[in-house]
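Coordinates from work05.txt are shown below (compact mmCIF, C-alpha atoms and all ligand atoms).
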```
# COMPACT_ATOMS: atom_id res chain seq x y z
CA MET A 156 0.00 0.00 0.00
CA THR A 157 1.33 3.44 -0.84
CA SER A 158 0.59 6.01 1.81
CA ALA A 159 1.30 9.72 1.52
CA THR A 160 3.99 9.30 4.20
CA SER A 161 5.86 6.52 2.42
CA ASP A 162 5.62 8.50 -0.83
CA ASN A 163 7.19 11.52 0.81
CA GLU A 164 9.85 9.35 2.42
CA SER A 165 10.71 7.79 -0.94
CA LYS A 166 10.86 11.16 -2.65
CA ALA A 167 13.12 12.53 0.08
CA SER A 168 15.37 9.50 -0.30
CA TYR A 169 15.86 10.18 -4.05
CA THR A 170 18.00 13.15 -3.15
CA ASP A 171 19.88 11.41 -0.33
CA PRO A 172 23.60 11.68 -1.24
CA VAL A 173 24.35 8.14 -0.06
CA TYR A 174 21.53 6.75 -2.24
CA ARG A 175 22.76 8.83 -5.16
CA GLU A 176 26.24 7.41 -4.67
CA ALA A 177 24.86 3.83 -4.68
CA LEU A 178 22.94 4.50 -7.90
CA ALA A 179 25.90 6.20 -9.54
CA ARG A 180 28.13 3.24 -8.72
CA PHE A 181 25.49 0.85 -10.05
CA ARG A 182 25.18 2.74 -13.31
CA GLU A 183 28.93 2.93 -13.72
CA LEU A 184 29.21 -0.84 -13.24
CA LEU A 185 26.33 -1.42 -15.68
CA SER A 186 28.05 0.57 -18.39
CA GLU A 187 31.31 -1.25 -17.70
CA ALA A 188 29.41 -4.56 -17.91
CA ARG A 189 27.90 -3.52 -21.27
CA ALA A 190 31.36 -2.61 -22.56
CA SER A 191 33.03 -5.75 -21.17
CA GLY A 192 31.31 -8.22 -23.47
CA GLU A 193 29.09 -9.58 -20.70
CA PRO A 194 26.57 -11.70 -22.68
CA GLU A 195 23.41 -10.47 -20.88
CA PRO A 196 24.44 -7.42 -18.87
CA THR A 197 20.85 -6.43 -18.04
CA ALA A 198 19.65 -9.91 -17.03
CA MET A 199 18.63 -10.05 -13.40
CA THR A 200 17.06 -12.66 -11.17
CA LEU A 201 13.77 -11.41 -9.76
CA ALA A 202 12.53 -13.12 -6.59
CA THR A 203 8.94 -12.70 -5.46
CA ALA A 204 6.79 -14.26 -2.74
CA ALA A 205 3.36 -15.87 -3.13
CA ALA A 206 0.54 -15.27 -0.67
CA ASP A 207 1.48 -18.50 1.18
CA GLY A 208 5.13 -17.40 1.50
CA ARG A 209 6.51 -19.64 -1.27
CA ILE A 210 9.35 -17.89 -3.13
CA SER A 211 9.82 -17.95 -6.92
CA ALA A 212 12.74 -16.61 -8.93
CA ARG A 213 13.21 -16.02 -12.65
CA ILE A 214 15.24 -13.83 -15.00
CA VAL A 215 13.88 -10.52 -16.31
CA LEU A 216 15.68 -7.73 -18.14
CA LEU A 217 16.46 -4.38 -16.59
CA LYS A 218 15.05 -1.77 -18.98
CA ALA A 219 15.53 1.48 -17.08
CA VAL A 220 17.15 2.70 -13.91
CA ASP A 221 16.98 6.14 -12.39
CA GLU A 222 16.54 7.67 -8.95
CA ARG A 223 13.00 6.22 -8.76
CA GLY A 224 14.28 2.67 -9.12
CA PHE A 225 14.75 -0.35 -11.38
CA VAL A 226 12.23 -1.02 -14.18
CA PHE A 227 11.38 -4.34 -15.84
CA TYR A 228 8.49 -5.28 -18.13
CA THR A 229 6.25 -8.32 -18.00
CA ASN A 230 2.73 -9.70 -18.23
CA TYR A 231 0.45 -8.23 -15.53
CA GLU A 232 -1.43 -11.56 -15.39
CA SER A 233 1.67 -13.77 -14.99
CA ALA A 234 2.57 -15.78 -11.91
CA LYS A 235 5.06 -13.10 -10.85
CA ALA A 236 2.41 -10.40 -11.20
CA GLU A 237 0.03 -12.40 -9.03
CA GLN A 238 2.78 -12.69 -6.45
CA LEU A 239 3.55 -8.98 -6.62
CA THR A 240 -0.13 -8.29 -5.98
CA ALA A 241 0.03 -10.52 -2.89
CA HIS A 242 3.37 -9.06 -1.71
CA ALA A 243 4.50 -5.81 -3.31
CA ASN A 244 8.15 -6.48 -2.41
CA ALA A 245 10.87 -8.19 -4.39
CA ALA A 246 14.60 -8.84 -4.64
CA LEU A 247 16.85 -8.55 -7.69
CA CYS A 248 20.21 -10.21 -8.18
CA ILE A 249 22.63 -9.52 -11.02
CA LEU A 250 25.89 -11.30 -11.88
CA TRP A 251 28.58 -9.64 -13.98
CA LYS A 252 31.25 -12.26 -14.48
CA MET A 253 33.48 -10.22 -16.74
CA LEU A 254 33.89 -7.33 -14.30
CA HIS A 255 36.58 -6.91 -11.64
CA ASP A 256 36.94 -10.62 -10.82
CA VAL A 257 33.12 -10.90 -10.69
CA VAL A 258 30.54 -8.42 -9.42
CA GLN A 259 27.22 -9.33 -7.82
CA VAL A 260 24.54 -6.71 -7.24
CA ARG A 261 21.61 -7.34 -4.89
CA VAL A 262 18.68 -4.95 -4.71
CA GLU A 263 15.60 -5.16 -2.50
CA GLY A 264 12.54 -2.97 -2.13
CA ALA A 265 8.90 -2.28 -2.78
CA VAL A 266 7.48 -2.82 -6.27
CA GLU A 267 4.77 -0.85 -8.07
CA LYS A 268 3.39 -0.67 -11.59
CA ILE A 269 4.84 2.17 -13.64
CA ALA A 270 2.62 4.79 -15.29
CA ALA A 271 0.66 3.53 -18.32
CA ALA A 272 2.20 6.22 -20.53
CA GLU A 273 5.71 5.00 -19.64
CA SER A 274 4.75 1.41 -20.57
CA ASP A 275 3.21 2.70 -23.84
CA THR A 276 6.44 4.45 -24.80
CA TYR A 277 8.57 1.41 -24.13
CA PHE A 278 6.11 -0.96 -25.84
CA ALA A 279 6.12 1.23 -28.96
CA SER A 280 9.93 0.88 -29.14
CA ARG A 281 9.81 -2.94 -29.23
CA GLN A 282 10.13 -5.12 -32.32
CA ARG A 283 6.79 -5.96 -33.89
CA ASP A 284 7.28 -9.70 -33.19
CA SER A 285 7.70 -9.00 -29.49
CA GLN A 286 4.64 -6.73 -29.54
CA ILE A 287 2.54 -9.49 -31.13
CA GLY A 288 4.03 -11.98 -28.66
CA ALA A 289 2.87 -9.83 -25.75
CA TRP A 290 -0.71 -10.10 -27.06
CA ALA A 291 -0.48 -13.80 -27.89
CA SER A 292 1.17 -15.23 -24.78
CA ARG A 293 -0.92 -15.84 -21.68
CA GLN A 294 2.28 -15.92 -19.69
CA SER A 295 2.50 -18.60 -16.96
CA GLN A 296 -0.70 -20.40 -18.02
CA THR A 297 -0.74 -23.98 -19.33
CA LEU A 298 -0.08 -24.30 -23.05
CA ARG A 299 -1.71 -27.41 -24.55
CA ASN A 300 0.64 -27.41 -27.50
CA ARG A 301 2.78 -25.09 -29.59
CA THR A 302 0.14 -24.95 -32.35
CA ASP A 303 -2.28 -23.15 -30.02
CA LEU A 304 0.26 -20.40 -29.43
CA GLU A 305 1.09 -20.14 -33.14
CA ALA A 306 -2.63 -19.81 -33.89
CA ARG A 307 -2.93 -16.94 -31.42
CA ILE A 308 0.13 -15.25 -32.93
CA ALA A 309 -1.47 -15.53 -36.40
CA GLU A 310 -4.75 -14.17 -34.99
CA PHE A 311 -3.10 -11.05 -33.58
CA GLU A 312 -0.95 -10.55 -36.67
CA GLN A 313 -4.16 -10.45 -38.66
CA ARG A 314 -5.94 -8.20 -36.15
CA PHE A 315 -3.18 -5.58 -36.27
CA ALA A 316 -2.21 -6.00 -39.93
CA GLY A 317 -1.33 -2.75 -41.63
CA GLY A 318 -1.18 -0.68 -38.45
CA ASP A 319 0.71 -0.16 -35.22
CA VAL A 320 0.35 -2.72 -32.45
CA PRO A 321 -1.05 -1.05 -29.33
CA ARG A 322 0.15 -2.10 -25.88
CA PRO A 323 -2.00 -4.88 -24.44
CA PRO A 324 -3.68 -3.81 -21.19
CA HIS A 325 -2.23 -6.92 -19.52
CA TRP A 326 1.39 -5.99 -20.28
CA GLY A 327 3.57 -3.28 -18.76
CA GLY A 328 6.32 -2.29 -16.43
CA TYR A 329 7.05 -2.55 -12.74
CA ARG A 330 9.46 -0.39 -10.80
CA LEU A 331 11.35 -1.71 -7.80
CA ARG A 332 12.10 1.18 -5.47
CA PRO A 333 15.24 0.12 -3.66
CA ASP A 334 15.68 0.30 0.06
CA MET A 335 18.85 -1.83 -0.15
CA ILE A 336 21.59 -2.04 -2.78
CA GLU A 337 24.55 -4.30 -2.16
CA LEU A 338 27.64 -4.36 -4.38
CA TRP A 339 29.78 -7.46 -4.04
CA PHE A 340 33.24 -7.41 -5.57
CA GLY A 341 35.16 -10.62 -6.10
CA GLN A 342 38.80 -10.57 -5.12
CA ARG A 343 40.64 -13.47 -6.66
CA ALA A 344 43.14 -14.27 -3.95
CA ARG A 345 41.64 -12.34 -1.07
CA LEU A 346 38.38 -11.99 0.78
CA HIS A 347 35.56 -10.54 -1.24
CA GLU A 348 34.32 -7.01 -0.61
CA ARG A 349 30.66 -6.36 0.23
CA LEU A 350 29.39 -2.83 0.28
CA ARG A 351 25.83 -2.46 1.48
CA TYR A 352 23.79 0.70 1.01
CA GLU A 353 20.46 0.71 2.81
CA ARG A 354 17.71 2.97 3.94
CA VAL A 355 17.07 2.83 7.63
CA GLY A 356 14.16 5.00 8.70
CA GLY A 357 14.31 7.97 6.36
CA ALA A 358 18.06 8.06 5.71
CA TRP A 359 20.46 6.01 3.63
CA GLY A 360 23.63 4.63 5.17
CA LYS A 361 26.47 2.46 3.92
CA ARG A 362 28.66 -0.11 5.56
CA LEU A 363 30.92 -3.01 4.71
CA LEU A 364 29.69 -6.51 5.44
CA GLN A 365 31.82 -9.53 6.23
CA PRO A 366 32.16 -11.60 3.10
C1 LIG B 401 17.58 -13.89 -20.54
C2 LIG B 401 16.12 -13.88 -20.18
C3 LIG B 401 15.43 -12.68 -20.16
C4 LIG B 401 14.07 -12.64 -19.82
N1 LIG B 401 13.46 -11.43 -19.75
C5 LIG B 401 12.15 -11.38 -19.35
C6 LIG B 401 11.52 -10.11 -19.16
O1 LIG B 401 12.12 -9.04 -19.31
N2 LIG B 401 10.21 -10.12 -18.80
C7 LIG B 401 9.52 -11.29 -18.60
O2 LIG B 401 8.33 -11.23 -18.28
N3 LIG B 401 10.11 -12.50 -18.74
C8 LIG B 401 11.41 -12.57 -19.11
N4 LIG B 401 12.01 -13.78 -19.23
C9 LIG B 401 11.22 -15.01 -18.97
C10 LIG B 401 11.11 -15.20 -17.44
O3 LIG B 401 12.33 -15.73 -16.95
C11 LIG B 401 9.94 -16.11 -17.03
O4 LIG B 401 10.01 -17.36 -17.69
C12 LIG B 401 8.59 -15.48 -17.34
O5 LIG B 401 8.57 -14.10 -17.04
C13 LIG B 401 7.47 -16.17 -16.55
O6 LIG B 401 7.70 -16.04 -15.17
P1 LIG B 401 6.52 -16.26 -14.09
O7 LIG B 401 5.74 -17.46 -14.56
O8 LIG B 401 7.24 -16.51 -12.80
O9 LIG B 401 5.69 -15.00 -14.06
C14 LIG B 401 13.37 -13.85 -19.54
C15 LIG B 401 14.09 -15.07 -19.55
C16 LIG B 401 15.43 -15.08 -19.86
C17 LIG B 401 16.16 -16.40 -19.83
```
For this file, produce the structure as structure tokens.
Amino acid sequence: MTSATSDNESKASYTDPVYREALARFRELLSEARASGEPEPTAMTLATAAADGRISARIVLLKAVDERGFVFYTNYESAKAEQLTAHANAALCILWKMLHDVVQVRVEGAVEKIAAAESDTYFASRQRDSQIGAWASRQSQTLRNRTDLEARIAEFEQRFAGGDVPRPPHWGGYRLRPDMIELWFGQRARLHERLRYERVGGAWGKRLLQP
């Protein structure tokens, strides 16, 4: 639930210098990862919890990051979406093997849907095949056979033939607003370094953790 107080707290934390430092370091590492030949630099494990407490994890792609948080796109009727409705909190984990003897980034926080207009803009930038796929796939539901999915793809190709493909209402982005960002640096012959940034109360702090 988003209360006025938590909104104000989050907005205040955007300008917190320690939070800004954490984000700046993340973005620097991301651009190094992109340049390093890392095969999927934006792939991140997303862990969510079901209503009964069972945890699921899967890979999603990081599509935007700014002071408001980390954005990924998915089906709003998928298993993960159902879990995010039950528990609007999640954890992300990223591995960059090519960087500095391995870097791991862990991020935790509250998750919310992004604005429809933001999802529209991103959806419009996607390849047409992916746009049709977003209409055709009932993500996480049972698929009797591949032919059923191909038939749905053909159906939507026909429906949108000759025009733009609009964003399906069941597809869009989520933003994880971090309250914890941990950078883990591998050190080949020594102990690894863990640097944890976290928001405690209204303010961000940072500390080293034992590896
Ligand atoms: C490299 C990679 C990138 C992926 N990116 C996404 C993504 O951005 N969004 C998404 O919904 N699923 C993505 N997937 C598929 C998910 O891992 C997962 O199978 C799907 O979202 C269904 O998850 P759920 O049933 O837990 O909701 C990706 C899979 C891989 C291997």
inquiry  = Which residue is closest to ligand LIG 401 (chain B)? Choose from A:Gly328, A:Tyr174, A:Ala265, A:Gly317 and count only C-alpha atoms and all ligand atoms.
reply    =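 Distance minimum relative to ligand LIG 401 (chain B) lands on A:Gly328.
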Counting only C-alpha atoms and all ligand atoms, which residues of chain A sit at most 9 Å from some atom of ligand LIG 401 (chain B), and what is each one's closest atom pair with its distance in Å to one decimal, listed by chain and rising residue number, as a Markdown table?
```
| residue | atom | partner | partner_atom | distance |
| --- | --- | --- | --- | --- |
| A:Glu195 | CA | B:LIG401 | C1 | 6.8 |
| A:Thr197 | CA | B:LIG401 | C1 | 8.5 |
| A:Ala198 | CA | B:LIG401 | C1 | 5.7 |
| A:Met199 | CA | B:LIG401 | C3 | 7.9 |
| A:Thr200 | CA | B:LIG401 | O3 | 8.1 |
| A:Leu201 | CA | B:LIG401 | O3 | 8.5 |
| A:Ala202 | CA | B:LIG401 | O8 | 8.8 |
| A:Thr203 | CA | B:LIG401 | O8 | 8.4 |
| A:Ser211 | CA | B:LIG401 | O8 | 6.6 |
| A:Ala212 | CA | B:LIG401 | O8 | 6.7 |
| A:Arg213 | CA | B:LIG401 | O3 | 4.4 |
| A:Ile214 | CA | B:LIG401 | O3 | 4.0 |
| A:Val215 | CA | B:LIG401 | N1 | 3.6 |
| A:Leu216 | CA | B:LIG401 | O1 | 4.0 |
| A:Leu217 | CA | B:LIG401 | O1 | 6.9 |
| A:Lys218 | CA | B:LIG401 | O1 | 7.8 |
| A:Phe227 | CA | B:LIG401 | O1 | 5.9 |
| A:Tyr228 | CA | B:LIG401 | N2 | 5.2 |
| A:Thr229 | CA | B:LIG401 | O2 | 3.6 |
| A:Asn230 | CA | B:LIG401 | O2 | 5.8 |
| A:Tyr231 | CA | B:LIG401 | O9 | 8.7 |
| A:Glu232 | CA | B:LIG401 | O9 | 8.0 |
| A:Ser233 | CA | B:LIG401 | O9 | 4.3 |
| A:Ala234 | CA | B:LIG401 | O9 | 3.9 |
| A:Lys235 | CA | B:LIG401 | O9 | 3.8 |
| A:Ala236 | CA | B:LIG401 | O9 | 6.3 |
| A:Glu237 | CA | B:LIG401 | O9 | 8.0 |
| A:Gln238 | CA | B:LIG401 | O9 | 8.5 |
| A:Gln294 | CA | B:LIG401 | C13 | 6.1 |
| A:Ser295 | CA | B:LIG401 | O7 | 4.2 |
| A:Gln296 | CA | B:LIG401 | O7 | 7.9 |
| A:Trp326 | CA | B:LIG401 | O2 | 8.9 |
```
Would you pick out the contacts of Pro196 in chain A at 8 Å or less, using all atoms listed in the file, so that residues sharing its chain but fewer than 5 positions from it are not included, and give the list as a tab-separated table (two decimals) with C-alpha atoms, in the frame of the given file?
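Heads up, here's the output in out-v5.tsv:
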```
chain	number	residue	atom	x	y	z
A	185	LEU	CA	26.33	-1.42	-15.68
A	188	ALA	CA	29.41	-4.56	-17.91
A	189	ARG	CA	27.90	-3.52	-21.27
A	251	TRP	CA	28.58	-9.64	-13.98
```
Using all atoms listed in the file, I'd like a table of the residues in range 231-259 of chain A that come within 8 Å of range 204-210 of chain A; for each, show the closest atom pair and its distance in Å rounded to one decimal, ordered by chain and ascending number, as a tab-separated table.
```
residue	atom	partner	partner_atom	distance
A:Glu237	CA	A:Ala205	CA	7.6
A:Gln238	CA	A:Ala205	CA	4.6
A:Leu239	CA	A:Ala204	CA	7.3
A:Ala241	CA	A:Ala206	CA	5.3
A:His242	CA	A:Ala204	CA	6.3
A:Asn244	CA	A:Ala204	CA	7.9
A:Ala245	CA	A:Ala204	CA	7.5
```
query = Between CA of Arg182 in chain A and CA of Val220 in chain A, what is the spacing in Å?
reply =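 Separation between CA of Val220 in chain A and CA of Arg182 in chain A: 8.1 Å.
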request  = Would you list the contacts of Ala306 in chain A as a ChimeraX atom specification, taking every protein, DNA or RNA residue within 9 Å and counting all atoms listed in the file, but skipping same-chain residues closer than 5 positions in sequence?
outcome  = /A:291,301,311
Closest-contact table, range 259-325 of chain A side, partner range 175-180 of chain A, 12 Å, counting only C-alpha atoms, as JSON lines:
```
{"residue": "A:Val260", "atom": "CA", "partner": "A:Arg180", "partner_atom": "CA", "distance": 10.7}
{"residue": "A:Arg261", "atom": "CA", "partner": "A:Ala177", "partner_atom": "CA", "distance": 11.6}
{"residue": "A:Val262", "atom": "CA", "partner": "A:Ala177", "partner_atom": "CA", "distance": 10.7}
```
Could you save those same residues with C-alpha atoms as a PDB file, in the frame of the given file?
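So the final result, stored in out.pdb, reads:
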```pdb
ATOM      1  CA  VAL A 260      24.540  -6.710  -7.240  1.00  0.00           C
ATOM      2  CA  ARG A 261      21.610  -7.340  -4.890  1.00  0.00           C
ATOM      3  CA  VAL A 262      18.680  -4.950  -4.710  1.00  0.00           C
TER       4      VAL A 262
END
```
Separation of CA of Ala246 in chain A from CA of Val258 in chain A, in Å and rounded to one decimal =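 Here the two named atoms are 16.6 Å from each other.
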key: Among the residues A:Asp275, A:Met253, A:Leu304, A:Ala316, the one that comes closest to Glu193 in chain A [using all atoms listed in the file]   =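 Result for the nearest residue to Glu193 in chain A: A:Met253.
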Proximity of range 189-256 of chain A to range 332-340 of chain A: per-residue shortest pair, 10 Å limit, all atoms listed in the file, as a tab-separated table:
```
residue	atom	partner	partner_atom	distance
A:Val220	CA	A:Arg332	CA	10.0
A:Asp221	CA	A:Arg332	CA	9.8
A:Glu222	CA	A:Arg332	CA	8.6
A:Arg223	CA	A:Arg332	CA	6.1
A:Gly224	CA	A:Arg332	CA	4.5
A:Phe225	CA	A:Arg332	CA	6.7
A:Val226	CA	A:Arg332	CA	9.0
A:Asn244	CA	A:Arg332	CA	9.1
A:Ala245	CA	A:Pro333	CA	9.4
A:Ala246	CA	A:Pro333	CA	9.0
A:Leu247	CA	A:Ile336	CA	9.4
A:Cys248	CA	A:Glu337	CA	9.5
A:Ile249	CA	A:Leu338	CA	9.8
A:Leu250	CA	A:Trp339	CA	9.6
A:Trp251	CA	A:Phe340	CA	9.9
A:Leu254	CA	A:Phe340	CA	8.8
A:His255	CA	A:Phe340	CA	6.9
A:Asp256	CA	A:Phe340	CA	7.2
```
query = What's the 12 Å shell around Ile308 in chain A, counting all atoms listed in the file, without same-chain residues fewer than 6 positions away, as JSON, numbers by chain?
reply = {"A": [283, 284, 285, 286, 287, 288, 289, 290, 291, 292, 293, 301, 302, 314, 315, 316]}
ask   = Neighbours of range 357-360 of chain A within 7 Å (all atoms listed in the file; same-chain residues fewer than 6 positions away dropped), as a list in words?
value =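 Using all atoms listed in the file, the neighbours found are Glu164, Ser168, Asp171, Val173 and Tyr174 of chain A.
The coordinates place CA of Leu298 in chain A at 28.5 Å from CA of Arg330 in chain A.
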inquiry  = Let me make sure I understand: among A:Val257, A:Glu263, A:His325, A:Gly341, which one has the smallest atom-to-atom distance to Ala243 in chain A if we use all atoms listed in the file?
reply    = A:Glu263
As lines of an AutoDock Vina configuration file, please: the centre and edge lengths in Å, to one decimal, of an axis-aligned box enclosing every listed atom of range 318-324 of chain A with 5 Å added on each side.
```
center_x = -1.5
center_y = -2.5
center_z = -29.8
size_x = 14.4
size_y = 14.7
size_z = 27.3
```
Nearest-residue call for Gln365 in chain A, choices A:Tyr352, A:Val320, A:Ser274, A:His347, using only C-alpha atoms =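 Of all the options, A:His347 lies closest to Gln365 in chain A.
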